[in-house]
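Working notes, beginning with the structure itself.
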Amino acid sequence: MLTIILKTIIAAPIERCFDLSRSIDLHVHSMASSKEKAIAGRKSGLINLNETVTWKAKHFGINFTMTSKITAMEKPNCFTDEMIKGPFRKLHHQHLFKSVNSGTEMTDIFEFGVPLGALGKLAESIILKNYMKNLLVQRNNVIKKEAEIYK
């Protein structure tokens with residue numbers, strides 16, 4: 001299992017950052033490079049506690065389908081999504097929000113593991129950790145840009 005911790009400072013209120021992070025529509029926009037789209041469950045709007053979304057995307061030239069569920073939520077401080085079906089052995093993503101100065105500190109704690117034993121561990125450390133971190137940075141940059149439009 002690998003863990004990525006990413007902090008993003010956003011010059012916007014915590015409530016706006018929290019809601020933009022739950023937006024299916026903004027997520028789709030932020031993942032346009034992988035043609036990610038919501039195909040089942042919550043397909044637009046803001047995802048809430050106990051709701052699921054099934055994503056279809058193309059990574060490394062391969063189509064993937066993954067279903068995630070919001071397993072915890074404390075508005076506007078945090079929520080957690082977990083993969084319940086898909087290509088990972090485990091995927092657990094905590095989204096944490098804290099008011100700081102005149103904005104929000106958004107923290108992602110992204111834990112994941114792939115199947116395939118030793119080969120999977122090698123892929124995790126050599127390829128997937130940086131790939132997944134780059135996806136999170138890409139997503140967070142879109143959230144930041146959207147949140148800061150209405151300063």
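Residue numbering restarts at 1 for every chain of the structure tokens, chains are lettered A, B, ... in their displayed order, and ligands are numbered from 1 as they appear.
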Distance query Phe64 of chain A at most 9 Å, only C-alpha atoms, self and fewer than 6 positions along chain excluded, as a PDB file with C-alpha atoms, in the first residue's frame:
ATOM      1  CA  TRP A  55     -16.381   6.051 -13.247  1.00  0.00           C
ATOM      2  CA  LYS A  56     -15.185   5.022 -16.670  1.00  0.00           C
ATOM      3  CA  ALA A  57     -11.778   6.329 -17.765  1.00  0.00           C
ATOM      4  CA  LYS A  58      -8.816   5.563 -19.965  1.00  0.00           C
ATOM      5  CA  GLY A  86     -12.488  -1.718  -9.555  1.00  0.00           C
ATOM      6  CA  PRO A  87      -8.879  -2.278 -10.532  1.00  0.00           C
TER       7      PRO A  87
END
Next on the checklist: Can you tell me, as a ChimeraX atom specification, which residues in segment 2-137 of chain A count as alpha helix (DSSP H) by DSSP?
Outcome noted: /A:14-22,24-30,117-123,129-137
Checklist entry - Which residues, written as number ranges by chain, have at least one atom at most 8 Å from segment 132-141 of chain A, with only C-alpha atoms counted and residues fewer than 2 positions away on the same chain left out? => result A: 4, 6, 8, 27, 30-31, 128-130, 143-145
Item to check | Pairwise distance for atom CA of Arg16 of chain A and atom CA of Leu46 of chain A, rounded to one decimal in Å | outcome: 11.7 Å
Checklist entry - Contacts of Met73 of chain A at 8 Å or less, counting only C-alpha atoms, minus same-chain residues fewer than 6 places along, as an MDAnalysis selection string? => result chainID A and resid 48:49 79:80
Item to check | Proximity to Ile127 of chain A - best of A:Gly45, A:Leu91, A:Cys78, A:Phe60, only C-alpha atoms | outcome: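 For Ile127 of chain A, the nearest of the given residues is A:Phe60.
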Item to check | Separation of atom CA of Ser99 of chain A from atom CA of Asn77 of chain A, in Å and rounded to one decimal | outcome: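 A separation of 8.9 Å between them.
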Next on the checklist: Give me the residues near Lys43 of chain A as a PyMOL selection string, where near means some atom within 8 Å (using only C-alpha atoms) and where sequence neighbours in that chain fewer than 4 positions away do not count.
Outcome noted: chain A and resi 24-25+38-39+53
Just N, CA and C atoms for this one: save the residues we selected as a PDB file, in the first residue's frame.
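Output file out18.pdb follows:
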ATOM      1  N   ILE A  24     -19.384  16.087  -8.973  1.00  0.00           N
ATOM      2  CA  ILE A  24     -19.147  15.107 -10.042  1.00  0.00           C
ATOM      3  C   ILE A  24     -18.798  15.834 -11.334  1.00  0.00           C
ATOM      4  N   ASP A  25     -19.512  16.920 -11.625  1.00  0.00           N
ATOM      5  CA  ASP A  25     -19.303  17.664 -12.868  1.00  0.00           C
ATOM      6  C   ASP A  25     -17.897  18.261 -12.935  1.00  0.00           C
ATOM      7  N   ALA A  38     -18.836   9.825 -15.394  1.00  0.00           N
ATOM      8  CA  ALA A  38     -19.671   9.090 -14.445  1.00  0.00           C
ATOM      9  C   ALA A  38     -20.723   8.339 -15.241  1.00  0.00           C
ATOM     10  N   ILE A  39     -20.783   7.015 -15.053  1.00  0.00           N
ATOM     11  CA  ILE A  39     -21.699   6.206 -15.857  1.00  0.00           C
ATOM     12  C   ILE A  39     -22.807   5.533 -15.042  1.00  0.00           C
ATOM     13  N   VAL A  53     -20.648   6.347  -7.062  1.00  0.00           N
ATOM     14  CA  VAL A  53     -20.467   6.798  -8.436  1.00  0.00           C
ATOM     15  C   VAL A  53     -19.584   5.761  -9.119  1.00  0.00           C
TER      16      VAL A  53
END
Next on the checklist: Let's see if you can do this: from backbone DSSP, list all strand (DSSP E) residues in chain A, as an MDAnalysis selection string.
Outcome noted: chainID A and resid 2:10 37:41 52:59 62:74 78:85 90:100 103:113
Item to check | Between atom CA of Lys90 of chain A and atom CA of Val114 of chain A - distance in Å to one decimal | outcome: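 Computing the Euclidean distance for atom CA of Val114 of chain A and atom CA of Lys90 of chain A yields 6.9 Å.
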Checklist entry - So, counting only C-alpha atoms, which residue among A:Cys17, A:Ile62, A:Met83, A:Leu96 is closest to Glu111 of chain A? => result A:Met83
Next on the checklist: From the options A:Met1, A:Asn101, A:Ala12, A:His59, which residue's atoms come nearest to Ala32 of chain A, counting only C-alpha atoms?
Outcome noted: A:His59
